[in-house]
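Novice: Just passing along the structure, written as structure tokens.
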Amino acid sequence: MDQWKRQSIENFLIEIENYYLDCSADYFQNMGIVDKVNIEEAKYLNEKLDLSRIVGVNSKLILNETLKDKSKNKFSYFLLKSKNINLEVNYLDETKKTVFIRLAENYFYEKNNFLIYSINELFKRDYKIKEEDIIFINELYKKINSQSDFEKWSLLRFAVKLNNSEKFEKAYQKSRELFVILSLKFDKPIHFNFPNLLGILNNAIQHYRENGDIILKAMNVYDRTSKIQELDYRKGNLKKKLKEYHENKPIQDKDFLEIVEILFPELK
């Protein structure tokens, strides 16, 4: 290991301890070094980094502990995304809460959208959804008080059902398309500021063409076709868009289809 890299790691070890005490800033000076180390350097970093002492808990419970304190969210997210830092993620704390539950609580109650990315980082660290997570999400449904709450709960529910980093990342990227399907399932606009399902479908067929087939299948499976056709009767804009769609249909997104069939098995 060259002397410059060793010194940078030594500086990082000092700075991360200070960052734990005050992580109000988005960045500290040597933060980036952790992503640039090789195998030998990563081993040295982890041998020297004593997160258990810094946080004050058993090494298996470091994330469980930091996530209890909302002021440590940036510190927790840094640990999660820094894959060269060894970190246990699959333990339950003394209250039987998982790291997933802690992240989900923060996301749902604190309205902190960046935490949804943390859940994906958690999956990348080989986190596996547990029975406690499923029970938590089912109980959380009872605490929905607004449309926004339902949308956040839906994303958390997607995470639990998909239980996979690549699939959840794709679902988050395609969340608008998934909310189209949810809108059809619940017979009302969800996430979109349209007055009715006709607006949802007009928008979807125009902008989500790579997933048009599964959206149209959902419209039929959830028995919304007649209702939407009645709304479209006067102007016929959707009818025209559907004609053009079928004449110039792009290749459909098979990865998204796989995700939809997991989340909505009735659409298989």
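Following the order of the structure tokens, chains are lettered A, B, ..., residues in each are numbered from 1, and ligands are numbered from 1.
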Neighbouring residues of Lys227 in chain A were defined as those with any atom within 10 Å, considering only C-alpha atoms; residues of the same chain fewer than 6 positions away were excluded. Please report them as a list in words.

Specialist: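 Within the cut-off, the hits are Asp187, Leu197, Leu198 and Met219 of chain A.
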
Novice: Just the residues within 10 Å of range 192-196 of chain A, please, counting only C-alpha atoms, with nothing from its chain fewer than 2 positions along; format it as a list in words.

Specialist: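 Here the qualifying residues turn out to be Arg176, Phe179, Val180, Ser183, Asp187, Lys188, Pro189, Ile190, Leu198, Gly199, Ile200, Leu201, Asn203, Ile228 and Leu231 of chain A.
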
Novice: Can you pull out every residue within 12 Å of Phe100 in chain A, counting only C-alpha atoms, but drop anything in the same chain fewer than 6 positions away, and send it as a PyMOL selection string?

Specialist: chain A and resi 63-64+67-68+80+89-93+106-108+115-123+125-134+136-137+156-157+159-160+163

Novice: For a quick check of understanding, using only C-alpha atoms, which of A:Tyr141, A:Tyr44, A:Trp4, A:Phe168 has the smallest distance to Asp255 in chain A?

Specialist: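 Checking each of A:Tyr141, A:Tyr44, A:Trp4, A:Phe168 against Asp255 in chain A, counting only C-alpha atoms, the winner is A:Phe168.
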
Novice: Which residues in range 172-238 of chain A does DSSP call helix (DSSP H, G or I)? List them as number ranges by chain.

Specialist: A: 172-173, 175-186, 197-207, 209-221, 225-232, 237-238

Novice: Could you state the separation of CA of Phe12 in chain A and CA of Asn30 in chain A in Å, given to one decimal place?

Specialist: 5.3 Å

Novice: Just checking: using only C-alpha atoms, which residue out of A:Ala204, A:Leu13, A:Ile181, A:Leu263 ends up closest to Arg224 in chain A?

Specialist: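 Closest residue, counting only C-alpha atoms: A:Ile181.
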
Novice: When you look at His246 in chain A with a cut-off of 10 Å (counting only C-alpha atoms), what residues show up, excluding the ones that are within fewer than 5 positions of it in the same chain? I need them as JSON, numbers by chain.

Specialist: {"A": [212, 213, 241]}

Novice: Take the residues from that selection and put them in a file with N, CA and C atoms, as a PDB file, in the first residue's frame.

Specialist:
ATOM      1  N   GLY A 212     -47.035  -0.646 -22.410  1.00  0.00           N
ATOM      2  CA  GLY A 212     -48.434  -0.440 -22.757  1.00  0.00           C
ATOM      3  C   GLY A 212     -49.277  -1.699 -22.668  1.00  0.00           C
ATOM      4  N   ASP A 213     -48.722  -2.829 -23.070  1.00  0.00           N
ATOM      5  CA  ASP A 213     -49.513  -4.061 -23.093  1.00  0.00           C
ATOM      6  C   ASP A 213     -49.983  -4.465 -21.701  1.00  0.00           C
ATOM      7  N   LYS A 241     -55.252   7.284 -29.753  1.00  0.00           N
ATOM      8  CA  LYS A 241     -53.922   6.918 -29.241  1.00  0.00           C
ATOM      9  C   LYS A 241     -53.735   5.404 -29.240  1.00  0.00           C
TER      10      LYS A 241
END

Novice: Could you jot down the CA of Tyr20 in chain A to CA of Phe75 in chain A separation for me, Å, one decimal place?

Specialist: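 If I compute the distance from CA of Tyr20 in chain A to CA of Phe75 in chain A, I get 6.3 Å.
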
Novice: Restricting the calculation to only C-alpha atoms: of A:Trp153, A:Asp35, A:Glu139, A:Asn248, which residue gets closest to Asn84 in chain A?

Specialist: A:Asp35

Novice: I need the residue nearest Ile16 in chain A from this list: A:Leu61, A:Leu79, A:Leu238, A:Ala42. Use only C-alpha atoms for the distance.

Specialist: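 Once distances to Ile16 in chain A are computed over only C-alpha atoms, the minimum belongs to A:Leu79.
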
Novice: Might you pull out every residue within 7 Å of Ile9 in chain A, with only C-alpha atoms counted and same-chain residues fewer than 4 positions away left off, and present them as a CSV table (one decimal) with N, CA, C and O atoms, in the first residue's frame?

Specialist:
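The result, stored in out.csv:
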chain,number,residue,atom,x,y,z
A,5,LYS,N,-2.1,6.6,0.1
A,5,LYS,CA,-3.3,5.9,0.3
A,5,LYS,C,-3.5,5.5,1.8
A,5,LYS,O,-4.6,5.7,2.4
A,13,LEU,N,-10.4,7.6,8.9
A,13,LEU,CA,-10.8,7.0,10.2
A,13,LEU,C,-11.0,8.1,11.3
A,13,LEU,O,-11.9,8.0,12.1
A,33,ILE,N,-12.6,8.3,-0.3
A,33,ILE,CA,-11.5,7.3,-0.3
A,33,ILE,C,-12.0,5.9,-0.2
A,33,ILE,O,-11.4,5.0,-0.7
A,45,LEU,N,-8.5,-0.9,6.1
A,45,LEU,CA,-9.5,0.0,6.5
A,45,LEU,C,-10.4,-0.6,7.5
A,45,LEU,O,-10.7,0.0,8.6

Novice: Contacts of Asp26 in chain A at 10 Å or less, counting only C-alpha atoms, minus same-chain residues fewer than 4 places along, as a list in words?

Specialist: Tyr19, Lys74, Phe75 and Phe78 of chain A

Novice: Residues within 12 Å of Glu261 in chain A, please, as a ChimeraX atom specification. Count only C-alpha atoms; anything in the same chain fewer than 4 positions from it doesn't count.

Specialist: /A:158,161-162,167,171,178,181,214-215,217-218,254-257,265-268

Novice: Nearest residue to Lys239 in chain A out of A:Val57, A:Leu51, A:Ile205, A:Ile101, using only C-alpha atoms?

Specialist: A:Ile205
